[in-house]
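Asks: My structure is stored as run-v9.pdb, with PDB, C-alpha atoms.
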```pdb
ATOM      1  CA  MET A1358     221.340 219.771  83.379
ATOM      2  CA  THR A1359     221.376 216.778  85.711
ATOM      3  CA  SER A1360     224.251 216.638  88.157
ATOM      4  CA  ILE A1361     226.499 213.598  88.025
ATOM      5  CA  ALA A1362     226.018 213.562  91.799
ATOM      6  CA  ALA A1363     222.507 212.290  91.148
ATOM      7  CA  ASP A1364     224.011 209.091  89.741
ATOM      8  CA  VAL A1365     225.507 208.174  93.098
ATOM      9  CA  ASN A1366     223.193 205.806  94.940
ATOM     10  CA  ARG A1367     223.776 207.406  98.344
ATOM     11  CA  ASP A1368     221.329 209.198 100.625
ATOM     12  CA  ILE A1369     223.484 212.265 101.213
ATOM     13  CA  SER A1370     222.426 215.872 100.848
ATOM     14  CA  VAL A1371     225.166 218.299  99.928
ATOM     15  CA  GLN A1372     223.039 221.402  99.674
ATOM     16  CA  ALA A1373     223.870 224.221 102.085
ATOM     17  CA  GLY A1374     220.418 223.671 103.581
ATOM     18  CA  SER A1375     221.562 220.297 104.898
ATOM     19  CA  LEU A1376     224.257 221.910 107.041
ATOM     20  CA  PRO A1377     223.755 222.049 110.812
ATOM     21  CA  GLN A1378     221.300 224.626 112.076
ATOM     22  CA  GLY A1379     222.725 228.130 112.069
ATOM     23  CA  TYR A1380     225.392 227.409 109.445
ATOM     24  CA  ASP A1381     225.495 229.615 106.362
ATOM     25  CA  VAL A1382     227.452 230.095 103.127
ATOM     26  CA  LEU A1383     229.163 233.384 102.292
ATOM     27  CA  ARG A1384     231.026 234.438  99.148
ATOM     28  CA  LEU A1385     234.160 236.256 100.195
ATOM     29  CA  HIS A1386     234.686 237.872  96.784
ATOM     30  CA  GLU A1387     231.311 239.613  97.131
ATOM     31  CA  GLN A1388     232.173 241.196 100.485
ATOM     32  CA  PRO A1389     233.573 244.696 101.122
ATOM     33  CA  ALA A1390     237.360 244.900 101.274
ATOM     34  CA  ALA A1391     237.337 245.503 105.033
ATOM     35  CA  GLU A1392     235.348 242.315 105.615
ATOM     36  CA  GLN A1393     237.651 240.373 103.302
ATOM     37  CA  ALA A1394     240.651 241.618 105.277
ATOM     38  CA  ARG A1395     238.983 240.557 108.533
ATOM     39  CA  LEU A1396     238.106 237.062 107.323
ATOM     40  CA  LEU A1397     241.299 236.188 105.444
ATOM     41  CA  PRO A1398     243.419 235.437 108.544
ATOM     42  CA  LEU A1399     240.658 233.130 109.780
ATOM     43  CA  LEU A1400     240.541 231.416 106.391
ATOM     44  CA  PHE A1401     244.322 231.021 106.339
ATOM     45  CA  THR A1402     244.149 229.346 109.739
ATOM     46  CA  LEU A1403     241.693 226.790 108.366
ATOM     47  CA  ILE A1404     243.787 226.232 105.237
ATOM     48  CA  GLN A1405     246.866 225.740 107.414
ATOM     49  CA  SER A1406     245.319 222.582 108.878
ATOM     50  CA  GLU A1407     245.381 220.776 105.529
ATOM     51  CA  TYR A1408     247.610 222.733 103.144
ATOM     52  CA  SER A1409     250.461 223.929 105.347
ATOM     53  CA  ALA A1410     253.139 223.539 102.665
ATOM     54  CA  TRP A1411     251.218 225.782 100.257
ATOM     55  CA  LEU A1412     249.914 228.375 102.702
ATOM     56  CA  GLY A1413     253.396 229.800 103.280
ATOM     57  CA  LEU A1414     253.355 230.961  99.657
ATOM     58  CA  GLU A1415     250.149 232.957 100.050
ATOM     59  CA  THR A1416     249.942 236.643 100.969
ATOM     60  CA  THR A1417     247.003 238.673 102.173
ATOM     61  CA  GLU A1418     247.953 241.444  99.749
ATOM     62  CA  ASN A1419     247.716 239.166  96.705
ATOM     63  CA  TRP A1420     244.439 237.585  97.836
ATOM     64  CA  LEU A1421     242.847 240.990  98.368
ATOM     65  CA  ALA A1422     243.937 242.083  94.897
ATOM     66  CA  CYS A1423     242.619 238.888  93.311
ATOM     67  CA  LEU A1424     239.326 239.137  95.219
ATOM     68  CA  ALA A1425     238.881 242.654  93.826
ATOM     69  CA  GLU A1426     239.593 243.394  90.163
ATOM     70  CA  GLY A1427     242.624 241.131  89.840
ATOM     71  CA  ASN A1428     246.337 241.232  90.607
ATOM     72  CA  ALA A1429     249.089 242.528  88.331
ATOM     73  CA  ARG A1430     248.806 239.394  86.156
ATOM     74  CA  GLY A1431     245.046 239.729  85.843
ATOM     75  CA  THR A1432     244.368 236.751  88.120
ATOM     76  CA  ARG A1433     241.108 236.857  90.057
ATOM     77  CA  MET A1434     239.769 234.726  92.881
ATOM     78  CA  ALA A1435     236.365 233.466  93.934
ATOM     79  CA  VAL A1436     236.013 232.083  97.460
ATOM     80  CA  SER A1437     233.017 230.402  99.098
ATOM     81  CA  LEU A1438     233.002 230.049 102.893
ATOM     82  CA  VAL A1439     230.858 227.932 105.197
ATOM     83  CA  LEU A1440     230.317 229.727 108.500
ATOM     84  CA  ASP A1441     229.177 227.938 111.640
ATOM     85  CA  ALA A1442     226.549 229.283 114.029
ATOM     86  CA  GLY A1443     229.189 231.339 115.827
ATOM     87  CA  GLY A1444     230.531 232.911 112.637
ATOM     88  CA  ALA A1445     233.713 230.818 112.520
ATOM     89  CA  ILE A1446     234.861 229.485 109.151
ATOM     90  CA  ALA A1447     234.119 225.751 109.044
ATOM     91  CA  GLY A1448     234.654 225.092 105.337
ATOM     92  CA  ALA A1449     235.902 226.820 102.215
ATOM     93  CA  SER A1450     236.532 226.485  98.506
ATOM     94  CA  ALA A1451     238.882 228.900  96.728
ATOM     95  CA  THR A1452     239.372 229.200  92.970
ATOM     96  CA  GLU A1453     241.967 231.098  90.945
ATOM     97  CA  ILE A1454     240.691 232.459  87.631
ATOM     98  CA  TYR A1455     243.378 233.365  85.111
ATOM     99  CA  ALA A1456     243.185 236.129  82.536
ATOM    100  CA  ASN A1457     243.106 233.554  79.711
ATOM    101  CA  GLY A1458     239.758 232.107  80.844
ATOM    102  CA  THR A1459     240.941 229.023  82.750
ATOM    103  CA  ALA A1460     240.451 228.356  86.445
ATOM    104  CA  ILE A1461     241.614 225.937  89.118
ATOM    105  CA  VAL A1462     240.242 225.242  92.582
ATOM    106  CA  HIS A1463     243.298 225.397  94.834
ATOM    107  CA  TYR A1464     241.715 224.884  98.223
ATOM    108  CA  SER A1465     238.738 222.742  99.224
ATOM    109  CA  VAL A1466     238.804 222.410 102.967
ATOM    110  CA  GLY A1467     236.667 221.632 105.981
ATOM    111  CA  ARG A1468     237.319 221.919 109.677
ATOM    112  CA  ARG A1469     239.490 218.939 110.488
ATOM    113  CA  GLY A1470     237.867 216.427 112.800
ATOM    114  CA  ASP A1471     234.394 217.913 112.327
ATOM    115  CA  ALA A1472     231.688 215.246 112.238
ATOM    116  CA  GLU A1473     230.163 217.084 109.256
ATOM    117  CA  TYR A1474     233.465 217.310 107.337
ATOM    118  CA  LEU A1475     232.122 215.848 104.110
ATOM    119  CA  LYS A1476     229.118 218.189 104.083
ATOM    120  CA  LEU A1477     231.285 221.221 104.868
ATOM    121  CA  VAL A1478     233.562 220.584 101.887
ATOM    122  CA  ALA A1479     230.644 219.643  99.645
ATOM    123  CA  ALA A1480     228.614 222.749 100.524
ATOM    124  CA  ALA A1481     231.574 225.062  99.901
ATOM    125  CA  THR A1482     232.370 223.324  96.613
ATOM    126  CA  LEU A1483     228.756 223.442  95.442
ATOM    127  CA  ASP A1484     228.483 227.150  96.193
ATOM    128  CA  MET A1485     231.783 227.796  94.429
ATOM    129  CA  VAL A1486     230.474 226.367  91.159
ATOM    130  CA  GLN A1487     227.306 228.421  91.535
ATOM    131  CA  ALA A1488     229.369 231.543  92.251
ATOM    132  CA  LEU A1489     231.379 231.008  89.067
ATOM    133  CA  ARG A1490     228.137 230.838  87.078
ATOM    134  CA  VAL A1491     227.229 234.243  88.513
ATOM    135  CA  LEU A1492     230.601 235.665  87.459
ATOM    136  CA  GLN A1493     230.151 234.203  83.982
ATOM    137  CA  GLY A1494     226.735 235.850  83.814
ATOM    138  CA  GLN A1495     228.411 239.149  84.652
ATOM    139  CA  GLY A1496     230.681 238.774  81.626
ATOM    140  CA  LEU A1497     233.720 236.944  83.022
ATOM    141  CA  GLU A1498     234.785 234.266  80.538
ATOM    142  CA  ILE A1499     235.710 230.933  82.142
ATOM    143  CA  ASN A1500     236.194 227.971  79.831
ATOM    144  CA  LEU A1501     237.920 225.450  82.086
ATOM    145  CA  LEU A1502     237.497 224.528  85.747
ATOM    146  CA  VAL A1503     239.728 221.857  87.259
ATOM    147  CA  LYS A1504     240.869 220.600  90.636
ATOM    148  CA  GLU A1505     243.861 218.598  91.871
ATOM    149  CA  HIS A1506     243.311 215.753  94.321
ATOM    150  CA  HIS A1507     244.700 212.422  95.332
ATOM    151  CA  LEU A1508     242.398 209.695  94.111
ATOM    152  CA  ASP A1509     241.607 208.348  97.584
ATOM    153  CA  SER A1510     240.621 211.607  99.276
ATOM    154  CA  ALA A1511     237.554 212.752 101.187
ATOM    155  CA  ARG A1512     237.845 216.118  99.422
ATOM    156  CA  ALA A1513     237.743 214.376  96.043
ATOM    157  CA  HIS A1514     234.763 212.291  97.115
ATOM    158  CA  ALA A1515     232.917 215.363  98.410
ATOM    159  CA  GLY A1516     233.486 217.097  95.075
ATOM    160  CA  TYR A1517     232.211 214.079  93.174
ATOM    161  CA  LEU A1518     229.066 213.971  95.275
ATOM    162  CA  ALA A1519     228.481 217.733  95.220
ATOM    163  CA  VAL A1520     229.380 218.830  91.688
ATOM    164  CA  GLY A1521     230.161 215.654  89.769
ATOM    165  CA  GLN A1522     233.905 216.172  89.527
ATOM    166  CA  VAL A1523     235.667 213.282  87.785
ATOM    167  CA  PRO A1524     239.322 212.411  87.182
ATOM    168  CA  LEU A1525     240.368 213.290  83.644
ATOM    169  CA  ASP A1526     242.538 210.165  83.424
ATOM    170  CA  GLY A1527     240.023 207.587  84.655
ATOM    171  CA  PRO A1528     239.602 204.173  83.006
ATOM    172  CA  THR A1529     236.996 205.448  80.521
ATOM    173  CA  SER A1530     238.650 208.784  79.713
ATOM    174  CA  LEU A1531     239.290 210.239  76.267
ATOM    175  CA  LEU A1532     243.052 210.160  76.828
ATOM    176  CA  ARG A1533     244.918 208.006  74.320
ATOM    177  CA  GLY A1534     247.683 207.107  76.751
ATOM    178  CA  ALA A1535     248.822 207.315  80.357
ATOM    179  CA  VAL A1536     250.262 210.482  81.872
ATOM    180  CA  LYS A1537     251.500 210.947  85.429
ATOM    181  CA  PHE A1538     250.084 214.271  86.538
ATOM    182  CA  TYR A1539     252.203 216.757  88.453
ATOM    183  CA  GLU A1540     251.164 219.918  90.208
ATOM    184  CA  VAL A1541     252.998 223.188  89.547
ATOM    185  CA  ALA A1542     256.266 223.783  91.424
ATOM    186  CA  CYS A1543     254.910 226.606  93.557
ATOM    187  CA  GLY A1544     257.550 228.966  94.845
ATOM    188  CA  ASP A1545     259.142 232.405  94.871
ATOM    189  CA  PRO A1546     261.137 233.001  91.655
ATOM    190  CA  SER A1547     263.689 235.009  93.621
ATOM    191  CA  GLU A1548     264.590 231.783  95.464
ATOM    192  CA  LEU A1549     265.187 229.694  92.335
ATOM    193  CA  GLU A1550     268.951 229.594  92.913
ATOM    194  CA  ASP A1551     268.511 228.372  96.499
ATOM    195  CA  PRO A1552     268.766 224.537  96.346
ATOM    196  CA  VAL A1553     266.680 224.091  99.486
ATOM    197  CA  ARG A1554     263.837 226.280  98.222
ATOM    198  CA  LEU A1555     263.962 224.708  94.760
ATOM    199  CA  GLU A1556     263.751 221.238  96.300
ATOM    200  CA  ALA A1557     260.766 222.346  98.390
ATOM    201  CA  ALA A1558     259.002 223.702  95.292
ATOM    202  CA  MET A1559     259.647 220.499  93.358
ATOM    203  CA  ALA A1560     258.328 218.412  96.257
ATOM    204  CA  LEU A1561     254.975 220.192  95.895
ATOM    205  CA  THR A1562     254.585 218.839  92.351
ATOM    206  CA  ASP A1563     254.015 215.297  93.643
ATOM    207  CA  PRO A1564     252.813 215.603  97.252
ATOM    208  CA  GLN A1565     253.146 212.400  99.224
ATOM    209  CA  THR A1566     250.434 210.970 101.466
ATOM    210  CA  PRO A1567     250.726 208.072 103.925
ATOM    211  CA  ARG A1568     249.116 205.866 101.291
ATOM    212  CA  LEU A1569     251.717 206.770  98.689
ATOM    213  CA  ARG A1570     254.541 206.283 101.160
ATOM    214  CA  ALA A1571     253.109 202.840 101.909
ATOM    215  CA  GLY A1572     253.199 201.961  98.212
ATOM    216  CA  LEU A1573     249.412 202.189  97.732
ATOM    217  CA  ASP A1574     247.744 203.809  94.733
ATOM    218  CA  ASP A1575     247.016 207.418  95.663
ATOM    219  CA  GLU A1576     248.529 209.506  92.891
ATOM    220  CA  VAL A1577     247.551 213.105  92.289
ATOM    221  CA  HIS A1578     245.004 213.454  89.492
ATOM    222  CA  LEU A1579     243.524 216.336  87.532
ATOM    223  CA  TRP A1580     239.736 216.531  87.916
ATOM    224  CA  LEU A1581     237.064 218.098  85.726
ATOM    225  CA  VAL A1582     234.019 219.602  87.471
ATOM    226  CA  GLY A1583     230.996 217.963  85.884
ATOM    227  CA  ASP A1584     228.465 220.650  86.781
ATOM    228  CA  PHE A1585     230.589 223.469  85.382
ATOM    229  CA  VAL A1586     229.514 224.874  82.007
ATOM    230  CA  PRO A1587     232.258 226.607  79.971
ATOM    231  CA  SER A1588     231.538 230.069  78.622
ATOM    232  CA  ARG A1589     232.477 228.734  75.185
ATOM    233  CA  PRO A1590     231.445 225.058  75.258
ATOM    234  CA  GLU A1591     232.793 224.422  71.756
ATOM    235  CA  MET A1592     236.424 225.175  72.691
ATOM    236  CA  SER A1593     238.736 222.172  72.678
ATOM    237  CA  LEU A1594     239.806 220.842  76.054
ATOM    238  CA  ALA A1595     243.353 220.384  74.773
ATOM    239  CA  ARG A1596     243.573 224.082  73.958
ATOM    240  CA  ASN A1597     242.268 225.025  77.376
ATOM    241  CA  LEU A1598     244.706 222.706  79.167
ATOM    242  CA  ARG A1599     247.575 224.483  77.402
ATOM    243  CA  LEU A1600     246.116 227.822  78.448
ATOM    244  CA  LEU A1601     245.813 226.523  82.012
ATOM    245  CA  ALA A1602     249.497 225.585  81.957
ATOM    246  CA  GLU A1603     250.371 229.175  81.064
ATOM    247  CA  GLY A1604     248.023 230.697  83.626
ATOM    248  CA  TYR A1605     248.706 228.340  86.537
ATOM    249  CA  ALA A1606     252.477 228.174  86.129
ATOM    250  CA  GLY A1607     252.633 231.853  85.228
ATOM    251  CA  GLU A1608     250.937 232.709  88.520
ATOM    252  CA  ARG A1609     252.586 230.253  90.908
ATOM    253  CA  SER A1610     255.655 228.475  89.521
ATOM    254  CA  ILE A1611     259.110 229.082  90.913
ATOM    255  CA  PHE A1612     260.179 229.090  87.226
ATOM    256  CA  ARG A1613     257.752 231.824  86.192
ATOM    257  CA  MET A1614     260.429 234.491  85.732
ATOM    258  CA  THR A1615     262.750 232.193  83.756
ATOM    259  CA  ASP A1616     261.238 229.346  81.710
ATOM    260  CA  LEU A1617     257.789 227.873  82.385
ATOM    261  CA  SER A1618     258.644 224.784  80.355
ATOM    262  CA  LEU A1619     260.960 223.677  83.188
ATOM    263  CA  ASP A1620     257.977 223.255  85.486
ATOM    264  CA  PRO A1621     256.715 219.644  85.929
ATOM    265  CA  GLY A1622     253.109 220.825  86.205
ATOM    266  CA  TRP A1623     253.377 222.835  82.986
ATOM    267  CA  GLN A1624     254.918 219.793  81.286
ATOM    268  CA  SER A1625     252.233 217.337  82.432
ATOM    269  CA  LEU A1626     249.419 219.632  81.284
ATOM    270  CA  GLN A1627     251.051 219.765  77.844
ATOM    271  CA  ARG A1628     251.263 215.952  77.765
ATOM    272  CA  LEU A1629     247.612 215.612  78.757
ATOM    273  CA  ALA A1630     246.680 217.998  75.934
ATOM    274  CA  ASP A1631     248.787 215.990  73.475
ATOM    275  CA  LEU A1632     246.905 212.794  74.307
ATOM    276  CA  LEU A1633     243.402 214.195  73.888
ATOM    277  CA  PRO A1634     241.485 214.165  70.594
ATOM    278  CA  PRO A1635     242.243 217.663  69.269
ATOM    279  CA  ASP A1636     238.584 218.664  68.934
ATOM    280  CA  ALA A1637     237.270 217.035  72.129
ATOM    281  CA  THR A1638     235.361 219.451  74.354
ATOM    282  CA  TYR A1639     235.175 219.793  78.122
ATOM    283  CA  ARG A1640     231.698 218.236  78.186
ATOM    284  CA  GLN A1641     232.752 215.268  76.062
ATOM    285  CA  ALA A1642     235.667 214.584  78.395
ATOM    286  CA  VAL A1643     233.420 214.785  81.472
ATOM    287  CA  GLU A1644     230.874 212.389  79.981
ATOM    288  CA  ALA A1645     233.589 209.891  79.059
ATOM    289  CA  SER A1646     235.369 209.995  82.421
ATOM    290  CA  ARG A1647     232.191 209.786  84.494
ATOM    291  CA  LEU A1648     231.413 206.251  83.308
ATOM    292  CA  GLY A1649     234.085 204.574  85.408
ATOM    293  CA  ALA A1650     234.688 207.300  87.964
ATOM    294  CA  ALA A1651     232.926 205.888  91.039
ATOM    295  CA  ARG A1652     234.643 202.515  90.912
ATOM    296  CA  PHE A1653     237.990 204.135  90.051
ATOM    297  CA  MET A1654     237.659 206.296  93.182
ATOM    298  CA  GLY A1655     236.662 203.364  95.376
ATOM    299  CA  LEU A1656     233.299 204.908  96.261
ATOM    300  CA  GLU A1657     231.425 201.632  95.897
ATOM    301  CA  GLN A1658     233.608 200.010  98.538
ATOM    302  CA  ASP A1659     234.446 202.808 100.953
ATOM    303  CA  TRP A1660     232.691 206.104 100.370
ATOM    304  CA  LEU A1661     233.114 207.636 103.830
ATOM    305  CA  LEU A1662     236.824 207.722 104.513
ATOM    306  CA  ALA A1663     238.545 207.527 107.864
ATOM    307  CA  SER A1664     239.863 210.874 109.111
ATOM    308  CA  GLU A1665     243.504 209.849 108.703
ATOM    309  CA  ARG A1666     242.867 209.394 104.963
ATOM    310  CA  ILE A1667     241.423 212.886 104.454
TER     311      ILE A1667
END
```
Using structure tokens, write down the structure from this file.
Replies:
Amino acid sequence: MTSIAADVNRDISVQAGSLPQGYDVLRLHEQPAAEQARLLPLLFTLIQSEYSAWLGLETTENWLACLAEGNARGTRMAVSLVLDAGGAIAGASATEIYANGTAIVHYSVGRRGDAEYLKLVAAATLDMVQALRVLQGQGLEINLLVKEHHLDSARAHAGYLAVGQVPLDGPTSLLRGAVKFYEVACGDPSELEDPVRLEAAMALTDPQTPRLRAGLDDEVHLWLVGDFVPSRPEMSLARNLRLLAEGYAGERSIFRMTDLSLDPGWQSLQRLADLLPPDATYRQAVEASRLGAARFMGLEQDWLLASERI
């Protein structure tokens, strides 16, 4: 299968081999538990630089369980790391895989300010998709792989270049109407009655960037990974989006112990499913959205973004 990345008329290599000399890629979920425990604090430090509001909700205990056989909800994780010549973590991509066969990449990150930022994110993302193929080959069913990004984001651009990820709601998409996408209201269910914590969780559903605050178009979008192949390609995308709503909100929402339907992310995934042709597959949606993706993302005008827009 040809990568959508090949359609981009740019001379950029996103293979791990194009990384600086001495850099390497390591799959954290394939490492012994002791090595996972050693590397996780270093990974959390890197994540903190770009996802500080979310990192406070993560625990080493849950990550270790998910990296092994799964946590109490059956959620697993796959994590690809880019290590520099000194063994420090310079880039990472982390995916949650839910028991119902859907998955979402929660963290795609590179070392902030690094001259090779785009390649770091791209290499980690590329290896992540390859790692998921290995897990599928071992019998793990994964039928949906998505990401959440602002439209004008270096991480989104790196994913487009590396693995052909495209926004589901682009100008040529299969959607039969417009839907504002929201992320899940991540939070601790025990804090639901605390107005401050509830407000913080709701703020995560529509994270604001300087561009949004300036009134520019930089909404959060749901992205399909073009180079991902579902375990059951014939399954309808609408069905899998509904399953994702249950898995994602069931794992992370502050409403997960009360009523998932109160969660804005759960609601927007249901609306996206409603607006898709009922029998449309993941591949059909990717092929439709890819047609206008580059221009929609602004790649033709400004493909390497300034650091303050990352």
Asks: Calculated over all atoms listed in the file, which of the candidates A:Arg1468, A:His1506, A:His1386, A:His1463 has the smallest distance to Ser1450 (chain A)?
Replies: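 Closest to Ser1450 (chain A) of all the choices is A:His1463.
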Asks: Name every residue that the PyMOL selection byres ((chain A and resi 1638) around 8) selects in this structure, writing the answer as a ChimeraX atom specification with chains first and numbers rising.
Replies: /A:1590-1594,1636-1637,1639-1642
Asks: Which is closer to Gly1516 (chain A) than all the others in A:Gly1458, A:Gly1583, A:Gly1534, A:Pro1546, using all atoms listed in the file?
Replies: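 Among the listed residues, A:Gly1583 lies closest to Gly1516 (chain A).
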Asks: Residues near Glu1603 (chain A), anyone? I mean within 8 Å using only C-alpha atoms, not counting same-chain ones fewer than 3 positions away, as a list in words.
Replies: Arg1599, Leu1600, Ala1606, Gly1607, Leu1617 and Trp1623 of chain A
Asks: A:Ala1429, A:Leu1438, A:Leu1403, A:Leu1531: which is nearest Val1382 (chain A), counting only C-alpha atoms?
Replies: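 Of the candidates, the smallest distance to Val1382 (chain A) is held by A:Leu1438.
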Asks: For CA of Gly1521 (chain A) and CA of Val1577 (chain A), quote the distance in Å rounded to one decimal.
Replies: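 Here the two named atoms are 17.8 Å from each other.
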Asks: Would you please work out which residue, of A:Gln1393, A:Thr1562, A:Ser1610, A:Asn1597, is nearest to Pro1635 (chain A) when using all atoms listed in the file?
Replies: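 Of A:Gln1393, A:Thr1562, A:Ser1610, A:Asn1597, the one nearest Pro1635 (chain A), counting all atoms listed in the file, is A:Asn1597.
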Asks: Counting all atoms listed in the file, note down every residue that has an atom within 8 Å of the point (232.5, 226.5, 93.8) (file coordinates), as a ChimeraX atom specification.
Replies: /A:1435-1437,1450-1452,1462,1481-1489
Asks: Kindly give the distance, in Å, that separates CA of Trp1411 (chain A) and CA of Ala1558 (chain A), rounded to a single decimal.
Replies: 9.5 Å
Asks: Evaluated on this file, the PyMOL selection byres ((chain A and resi 1423) around 12) picks out some residues - which ones are they, written as a ChimeraX atom specification?
Replies: /A:1385-1387,1390,1393,1415-1422,1424-1436,1451-1456,1608
Asks: Pick from A:Leu1619, A:Leu1555, A:Met1614, A:Leu1532: nearest to Ala1645 (chain A), with all atoms listed in the file counted?
Replies: A:Leu1532
Asks: Which of these, A:Met1654, A:Ala1557, A:Leu1383, A:Ala1445, has the shortest distance to Leu1399 (chain A) once you count all atoms listed in the file?
Replies: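 Of the candidates, the smallest distance to Leu1399 (chain A) is held by A:Ala1445.
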Asks: Would you mind listing what lies within 10 Å of Asp1631 (chain A) as a PyMOL selection string, with all atoms listed in the file counted and same-chain residues fewer than 2 positions away left out?
Replies: chain A and resi 1532-1534+1595-1596+1598-1599+1625-1629+1633-1635
Asks: Which residues fall under the PyMOL selection byres ((chain A and resi 1402) around 12) in this file, as a ChimeraX atom specification?
Replies: /A:1396-1401,1403-1409,1412-1413,1415,1445-1449,1466-1469
Asks: Pick out the residues sitting within 12 Å of Ser1547 (chain A), and hand them over as a PyMOL selection string; count all atoms listed in the file, and ignore anything fewer than 2 positions along from it in its own chain.
Replies: chain A and resi 1544-1545+1549-1552+1554-1555+1610-1615
Asks: Could you check which residues have any atom within 10 Å of (230.7, 218.6, 100.7), counting all atoms listed in the file with coordinates taken straight from the file, and then list them as a PyMOL selection string?
Replies: chain A and resi 1369-1373+1376+1448-1449+1465-1467+1473-1484+1511-1520
Asks: Quick one, how far is CA of Ala1472 (chain A) from CA of Pro1377 (chain A)?
Replies: 10.5 Å
Asks: Which residues are close to Ser1646 (chain A), i.e. within 8 Å by only C-alpha atoms, leaving aside same-chain residues fewer than 5 positions away? Reply as a list in words.
Replies: Val1523, Pro1524, Leu1525, Asp1526, Gly1527, Pro1528, Thr1529, Ser1530 and Leu1531 of chain A
Asks: Could region 1583-1600 of chain A be completed with N, CA and C atoms and returned as a tab-separated table (two decimals), in the coordinates of the input?
Replies:
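Once written, selection.tsv looks like this:
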```tsv
chain	number	residue	atom	x	y	z
A	1583	GLY	N	232.07	218.35	86.79
A	1583	GLY	CA	231.00	217.96	85.88
A	1583	GLY	C	229.88	218.98	85.76
A	1584	ASP	N	229.58	219.71	86.82
A	1584	ASP	CA	228.46	220.65	86.78
A	1584	ASP	C	228.87	222.03	86.28
A	1585	PHE	N	230.13	222.20	85.95
A	1585	PHE	CA	230.59	223.47	85.38
A	1585	PHE	C	230.27	223.51	83.89
A	1586	VAL	N	229.81	224.68	83.43
A	1586	VAL	CA	229.51	224.87	82.01
A	1586	VAL	C	230.45	225.95	81.46
A	1587	PRO	N	231.34	225.61	80.53
A	1587	PRO	CA	232.26	226.61	79.97
A	1587	PRO	C	231.52	227.75	79.28
A	1588	SER	N	232.12	228.92	79.32
A	1588	SER	CA	231.54	230.07	78.62
A	1588	SER	C	231.46	229.81	77.12
A	1589	ARG	N	232.47	229.12	76.61
A	1589	ARG	CA	232.48	228.73	75.18
A	1589	ARG	C	232.57	227.21	75.12
A	1590	PRO	N	231.43	226.52	75.17
A	1590	PRO	CA	231.44	225.06	75.26
A	1590	PRO	C	232.13	224.37	74.08
A	1591	GLU	N	232.22	225.05	72.95
A	1591	GLU	CA	232.79	224.42	71.76
A	1591	GLU	C	234.32	224.40	71.76
A	1592	MET	N	234.96	225.14	72.66
A	1592	MET	CA	236.42	225.18	72.69
A	1592	MET	C	236.99	223.80	73.01
A	1593	SER	N	238.13	223.47	72.42
A	1593	SER	CA	238.74	222.17	72.68
A	1593	SER	C	239.36	222.14	74.06
A	1594	LEU	N	239.21	221.01	74.73
A	1594	LEU	CA	239.81	220.84	76.05
A	1594	LEU	C	241.33	220.91	75.98
A	1595	ALA	N	241.90	220.35	74.92
A	1595	ALA	CA	243.35	220.38	74.77
A	1595	ALA	C	243.87	221.83	74.76
A	1596	ARG	N	243.19	222.67	74.01
A	1596	ARG	CA	243.57	224.08	73.96
A	1596	ARG	C	243.49	224.73	75.34
A	1597	ASN	N	242.43	224.42	76.06
A	1597	ASN	CA	242.27	225.02	77.38
A	1597	ASN	C	243.26	224.48	78.40
A	1598	LEU	N	243.67	223.23	78.27
A	1598	LEU	CA	244.71	222.71	79.17
A	1598	LEU	C	246.04	223.41	78.93
A	1599	ARG	N	246.34	223.74	77.69
A	1599	ARG	CA	247.58	224.48	77.40
A	1599	ARG	C	247.48	225.90	77.97
A	1600	LEU	N	246.30	226.49	77.86
A	1600	LEU	CA	246.12	227.82	78.45
A	1600	LEU	C	246.23	227.76	79.97
```
